[in-house]
Protein chains: 2
Amino acid sequence: MASQSRKKAITIQDVARHANASISTVSNVINGKGYASESKRREILRSVEILGYVPSASARNLALARTHNIGFVLRESHFTHSEPFYTRIFLGAEFESRKHDHYVLLATIPEDYHVGVDTPRFVRERNVDGVIVAGKVDTAFIEELVSVGLPFILVDFSHADYPCLSIDNRGGVIEAVSFLIEKRGHQSIAFLGADMTHPSIRERLQGYRIALFQAGIALNEDYVITLGSASPTHETGFQLAGQFFRMPDRPTAVVCVNDAMALGFMRYAHEHGYRIPDDVALIGFDDVDGAVFASPPLTTVRVFKEQFGEMAMRQLIEKVEGTSRTDGSFRYDRTTERLILSTELVVRGSA
Amino acid sequence: MASQSRKKAITIQDVARHANASISTVSNVINGKGYASESKRREILRSVEILGYVPSASARNLALARTHNIGFVLRESHFTHSEPFYTRIFLGAEFESRKHDHYVLLATIPEDYHVGVDTPRFVRERNVDGVIVAGKVDTAFIEELVSVGLPFILVDFSHADYPCLSIDNRGGVIEAVSFLIEKRGHQSIAFLGADMTHPSIRERLQGYRIALFQAGIALNEDYVITLGSASPTHETGFQLAGQFFRMPDRPTAVVCVNDAMALGFMRYAHEHGYRIPDDVALIGFDDVDGAVFASPPLTTVRVFKEQFGEMAMRQLIEKVEGTSRTDGSFRYDRTTERLILSTELVVRGSA
DNA sequence: GCAATTTATCGAAGCGCTTCGAGAAAATCC
DNA sequence: GGATTTTCTCGAAGCGCTTCGATAAATTGC
């Protein structure tokens with residue numbers, strides 16, 4: 001039965017005794033440090049093998065002041081069971097961490113963060129070597145990390161002063177809008193958004209403006225339909241859709257700031273007899289799981305969420321380990337330590 | 001910048017010095033053990049406050065031989081990025097663990113497990129207090145856990161000899177089939193399945209038989225359409241749908257062993273002009289994310305995945321902590337340490 | 001051939017915490 | 001009031017590992 005008590009494990013002591021060597025020599029051999037004669041080394045390794053010795057993580061952590069754990073922090077509201085965006089970033093990070101022999105510990109923090117009170121346990125207990133901060137969080141938290149001296153990287157939340165990894169929001173929307181203009185011949189395109197103070201969302205709006213500019217289409221501010229304070233949810237999309245369809249001279253295409261809103265928009269359209277993409281072409285952003293199941297399937301800007309998490313983890317671990325490297329899939333700007341992950345336009349039925 | 005080196009943290013030493021007490025007294029006060037005069041206690045607590053002391057997790061782990069970590073193990077193939085079932089169980093467990101001040105470490109093991117080689121790092125390094133095993137895994141692994149003496153609980157994989165938490169597969173299917181018979185008036189119902197050696201799947205088939213029996217409907221073995229060796233995937237469902245529709249005297253309703261197959265079945269039906277639920281009523285099992293987006297939305301037996309993980313975590317932590325309790329949402333059988341999580345029939349458009 | 005290195009090996013001092021006595025002081029008992 | 005018992009406080013010994021000298025033996029240099 002599994003209820004039997006924990007077995008007393010083999011320690012380095014046992015190995016030393018068995019190999020007729022000192023503890024320090026065993027340690028050296030295991031970690032490939034210092035000197036050791038071939039004979040001794042062999043003997044020790046053999047003992048390790050025979051006894052099935054594996055160093056205790058706890059002891060090692062204490063001695064080295066290093067845990068091989070990475071913290072992953074996001075806002076409580078971002079980790080609801082229904083919202084898969086950050087969850088998938090988390091999974092990507094988790095996946096990557098294992099390749100590097102690290103574990104990831106998860107923690108959420110409230111929207112209004114209070115230093116000390118809300119500090120994730122693992123940072124207080126020094127149980128992580130670094131932390132990944134996902135999404136928009138209270139800057140107080142970030143400053144706390146800085147003051148504690150814990151390496152970190154921000155994901156999906158750009159901040160001028162700190163290392164961060166963000167989506168190419170601007171580029172993604174530019175691609176979407178350009179697609180509507182060039183491939184689908186739209187000339188009047190609306191932009192639906194919410195929570196307009198969020199950096200990522202501002203960048204998306206910028207992308208919209210830039211794309212129009214590049215195409216030589218004058219910006220009509222009426223076509224930028226937003227609900228500044230609300231969150232960009234399904235519901236908000238539904239609401240703004242109402243506003244959109246009541247416009248006297250409405251655009252022939254819509255770009256939503258994210259898929260949730262696009263799906264809300266779509267629902268409104270369905271319920272009111274408008275046809276997509278015939279009456280209005282629609283493009284979202286994120287490529288959430290539901291996008292492909294919508295009818296018509298939603299054309300959207302895909303964000304590689306798992307890859308996003310993986311990359312963040314890789315970056316962070318490199319920093320923690322003190323090395324630094326780059327691979328082809330992202331741009332690296334040494335000076336500001338910012339990485340930008342590119343997106344991909346997924347053309348489906350809605351546009 | 002975040003690249004500054006780690007700050008030297010406050011230790012129990014510092015507190016002792018500051019409070020003019022011994023280390024052991026500080027430790028006692030903090031952990032509410034032993035004796036301490038009110039004055040001393042107050043002074044120590046004050047110092048803790050002032051210095052912002054938090055015990056180091058690593059040191060505590062080493063001293064207590066306890067990590068406050070729980071391992072979560074599943075098969076590699078079960079944690080692919082696209083299959084959300086176990087992922088959600090994991091998330092549920094993760095969520096629950098945080099309530100109990102535990103962290104969860106994840107690991108995957110290959111299908112054909114080799115003791116020693118494939119052993120998750122955290123069990124070898126004694127970095128967890130217990131482990132949750134999700135889904136069907138090689139028994140060699142389970143036996144290894146037993147031999148190491150690490151408490152564990154199996155999730156979604158019933159095994160007579162070990163503590164486990166499983167879905168009420170039988171009951172779920174019984175409810176589905178009974179619904180078809182009683183509420184929808186079906187008299188001939190097919191069962192589509194695959195991987196028939198899997199315990200959970202066998203139980204579902206059992207449920208099918210029982211329900212028919214209860215309704216006094218004779219079992220027609222031709223209506224049990226299975227592909228024993230294959231996995232119950234979308235593709236398999238599609239394939240078996242072909243077989244189903246070619247039957248001369250085909251049933252008016254189908255119960256699939258899971259949603260993936262049901263969805264595959266549905267696709268076949270669509271592509272071949274059969275209408276659901278008019279030509280054939282369809283019920284799945286699992287209630288995956290995509291079920292609600294199908295057209296028509298899939299009627300299915302919902303499994304509360306997050307809750308599943310939560311419950312497993314709670315059970316395990318209780319065991320680890322040495323306590324034991326029950327709450328109303330599940331049946332508890334002391335003797336075999338088995339929990340069965342009930343399901344819920346979600347009636348949507350497909351039946 | 002003898003000083004200067006390099007190589008081997010080990011003991012001991014931490015890392016930061018818990019816990020087990022032991023010694024004092026205070027409270028309780030008849 | 002002296003013997004017990006209870007309360008208080010602390011030093012010291014771990015937990016299992018790394019690492020810093022120290023010592024000794026083997027190599028090297030000229």
# chains A, B, ... in the order shown; residues from 1 in each chain; ligands from 1
$ residues_around --residues "DC30 of chain C" --least-positions-apart "4" --cutoff "12 Å" --atoms "only C-alpha atoms (C1' of nucleotides)" --output "list in words"
DG1, DG2, DA3 and DT4 of chain D
$ write_last_selection --atoms "N, CA and C atoms (P, O5', C5', C4', C3', O3' and C1' of nucleotides)" --output "PDB file, in the first residue's frame"
ATOM      1  P    DG D   1       8.978  29.674  54.894  1.00  0.00           P
ATOM      2  O5'  DG D   1       9.028  28.091  55.036  1.00  0.00           O
ATOM      3  C5'  DG D   1       9.881  27.366  55.888  1.00  0.00           C
ATOM      4  C4'  DG D   1      10.181  26.099  55.151  1.00  0.00           C
ATOM      5  C3'  DG D   1      11.199  26.273  54.020  1.00  0.00           C
ATOM      6  O3'  DG D   1      11.935  25.058  53.897  1.00  0.00           O
ATOM      7  C1'  DG D   1       9.158  25.615  53.078  1.00  0.00           C
ATOM      8  P    DG D   2      13.339  24.989  53.398  1.00  0.00           P
ATOM      9  O5'  DG D   2      13.244  23.595  52.652  1.00  0.00           O
ATOM     10  C5'  DG D   2      12.832  22.444  53.376  1.00  0.00           C
ATOM     11  C4'  DG D   2      12.205  21.458  52.411  1.00  0.00           C
ATOM     12  C3'  DG D   2      13.072  21.161  51.187  1.00  0.00           C
ATOM     13  O3'  DG D   2      12.958  19.770  50.878  1.00  0.00           O
ATOM     14  C1'  DG D   2      10.994  22.001  50.473  1.00  0.00           C
ATOM     15  P    DA D   3      13.800  19.137  49.751  1.00  0.00           P
ATOM     16  O5'  DA D   3      12.608  18.534  48.881  1.00  0.00           O
ATOM     17  C5'  DA D   3      11.619  17.722  49.503  1.00  0.00           C
ATOM     18  C4'  DA D   3      10.527  17.424  48.483  1.00  0.00           C
ATOM     19  C3'  DA D   3      11.073  16.913  47.147  1.00  0.00           C
ATOM     20  O3'  DA D   3      10.178  15.920  46.640  1.00  0.00           O
ATOM     21  C1'  DA D   3       9.848  18.893  46.785  1.00  0.00           C
ATOM     22  P    DT D   4      10.649  14.889  45.557  1.00  0.00           P
ATOM     23  O5'  DT D   4       9.670  15.233  44.360  1.00  0.00           O
ATOM     24  C5'  DT D   4       9.362  16.603  44.091  1.00  0.00           C
ATOM     25  C4'  DT D   4       7.966  16.702  43.501  1.00  0.00           C
ATOM     26  C3'  DT D   4       7.950  16.383  42.007  1.00  0.00           C
ATOM     27  O3'  DT D   4       6.679  15.851  41.655  1.00  0.00           O
ATOM     28  C1'  DT D   4       7.573  18.712  42.347  1.00  0.00           C
TER      29       DT D   4
END
$ closest_atom_pairs --of "chain B" --to "chain A" --cutoff "8 Å" --atoms "only C-alpha atoms" --output "tab-separated table"
residue	atom	partner	partner_atom	distance
B:Met1	CA	A:Val146	CA	6.7
B:Ala2	CA	A:Pro151	CA	5.2
B:Ser3	CA	A:Pro151	CA	6.0
B:Gln4	CA	A:Gly149	CA	5.8
B:Ser5	CA	A:Gly149	CA	5.9
B:Arg6	CA	A:Gly149	CA	4.8
B:Lys7	CA	A:Gly149	CA	5.8
B:Val54	CA	A:Glu125	CA	6.0
B:Pro55	CA	A:Glu125	CA	6.1
B:Ser56	CA	A:Glu125	CA	4.8
B:Ala57	CA	A:Glu125	CA	5.2
B:Ser58	CA	A:Leu62	CA	5.2
B:Ala59	CA	A:Leu62	CA	5.6
B:Asn61	CA	A:Ser58	CA	5.9
B:Leu62	CA	A:Ser58	CA	5.2
B:Thr67	CA	A:Ser58	CA	7.7
B:His81	CA	A:Glu306	CA	7.9
B:Glu94	CA	A:Leu106	CA	7.9
B:Arg98	CA	A:Ala107	CA	7.7
B:Tyr103	CA	A:Leu105	CA	6.1
B:Val104	CA	A:Leu105	CA	6.9
B:Leu105	CA	A:Tyr103	CA	6.1
B:Leu106	CA	A:Tyr103	CA	7.4
B:Ala107	CA	A:Arg98	CA	7.7
B:Arg124	CA	A:Val54	CA	6.3
B:Glu125	CA	A:Ser56	CA	4.9
B:Arg126	CA	A:Ser56	CA	6.2
B:Asn127	CA	A:Ala57	CA	6.0
B:Leu145	CA	A:Ala2	CA	7.7
B:Val146	CA	A:Ala2	CA	5.3
B:Val148	CA	A:Lys7	CA	6.1
B:Gly149	CA	A:Arg6	CA	4.7
B:Leu150	CA	A:Arg6	CA	6.0
B:Pro151	CA	A:Ala2	CA	5.3
B:Phe152	CA	A:Ala2	CA	6.7
B:Asp161	CA	A:Met1	CA	7.6
B:Tyr162	CA	A:Met1	CA	6.8
B:Pro163	CA	A:Ala2	CA	7.9
B:Gly290	CA	A:Phe293	CA	7.2
B:Phe293	CA	A:Phe293	CA	5.7
B:Ala294	CA	A:Phe293	CA	6.9
B:Glu306	CA	A:His81	CA	7.9
$ residues_around --residues "DA24 of chain C" --least-positions-apart "3" --cutoff "12 Å" --atoms "only C-alpha atoms (C1' of nucleotides)" --output "ChimeraX atom specification"
/D:7-10
$ select_by_dssp --residues "segment 105-260 of chain A" --states "strand (DSSP E)" --output "count of residues only"
32
$ select_by_dssp --residues "segment 20-247 of chain A" --states "helix (DSSP H, G or I)" --output "PyMOL selection string"
chain A and resi 23-31+38-51+57-64+76-79+84-99+121-124+139-148+169-183+199-215+221-223+234-245
$ decode --residues "chain C" --atoms "C-alpha atoms (C1' of nucleotides)" --output "PDB file, in the first residue's frame"
ATOM      1  C1'  DG C   1      68.406  16.362  -6.868  1.00  0.00           C
ATOM      2  C1'  DC C   2      65.647  19.671  -4.688  1.00  0.00           C
ATOM      3  C1'  DA C   3      62.418  23.453  -5.093  1.00  0.00           C
ATOM      4  C1'  DA C   4      58.138  24.557  -7.293  1.00  0.00           C
ATOM      5  C1'  DT C   5      53.845  22.814  -9.152  1.00  0.00           C
ATOM      6  C1'  DT C   6      50.170  20.062  -9.895  1.00  0.00           C
ATOM      7  C1'  DT C   7      47.180  16.382  -8.344  1.00  0.00           C
ATOM      8  C1'  DA C   8      44.604  13.791  -4.605  1.00  0.00           C
ATOM      9  C1'  DT C   9      42.131  13.521  -0.606  1.00  0.00           C
ATOM     10  C1'  DC C  10      40.019  14.908   3.316  1.00  0.00           C
ATOM     11  C1'  DG C  11      38.254  17.452   7.546  1.00  0.00           C
ATOM     12  C1'  DA C  12      35.554  21.073   8.872  1.00  0.00           C
ATOM     13  C1'  DA C  13      32.842  24.998   8.380  1.00  0.00           C
ATOM     14  C1'  DG C  14      28.938  26.572   6.586  1.00  0.00           C
ATOM     15  C1'  DC C  15      23.746  27.030   4.148  1.00  0.00           C
ATOM     16  C1'  DG C  16      19.178  28.299   7.458  1.00  0.00           C
ATOM     17  C1'  DC C  17      16.205  25.809   9.867  1.00  0.00           C
ATOM     18  C1'  DT C  18      14.141  22.312  13.545  1.00  0.00           C
ATOM     19  C1'  DT C  19      14.446  19.792  17.651  1.00  0.00           C
ATOM     20  C1'  DC C  20      16.286  17.525  21.552  1.00  0.00           C
ATOM     21  C1'  DG C  21      17.884  17.839  25.939  1.00  0.00           C
ATOM     22  C1'  DA C  22      19.617  20.595  29.881  1.00  0.00           C
ATOM     23  C1'  DG C  23      19.765  24.108  33.110  1.00  0.00           C
ATOM     24  C1'  DA C  24      17.148  28.026  35.469  1.00  0.00           C
ATOM     25  C1'  DA C  25      13.469  30.308  36.965  1.00  0.00           C
ATOM     26  C1'  DA C  26       8.744  30.375  38.213  1.00  0.00           C
ATOM     27  C1'  DA C  27       4.588  28.324  39.720  1.00  0.00           C
ATOM     28  C1'  DT C  28       2.147  24.587  42.244  1.00  0.00           C
ATOM     29  C1'  DC C  29       1.420  21.200  45.806  1.00  0.00           C
ATOM     30  C1'  DC C  30       0.852  19.381  50.764  1.00  0.00           C
TER      31       DC C  30
END
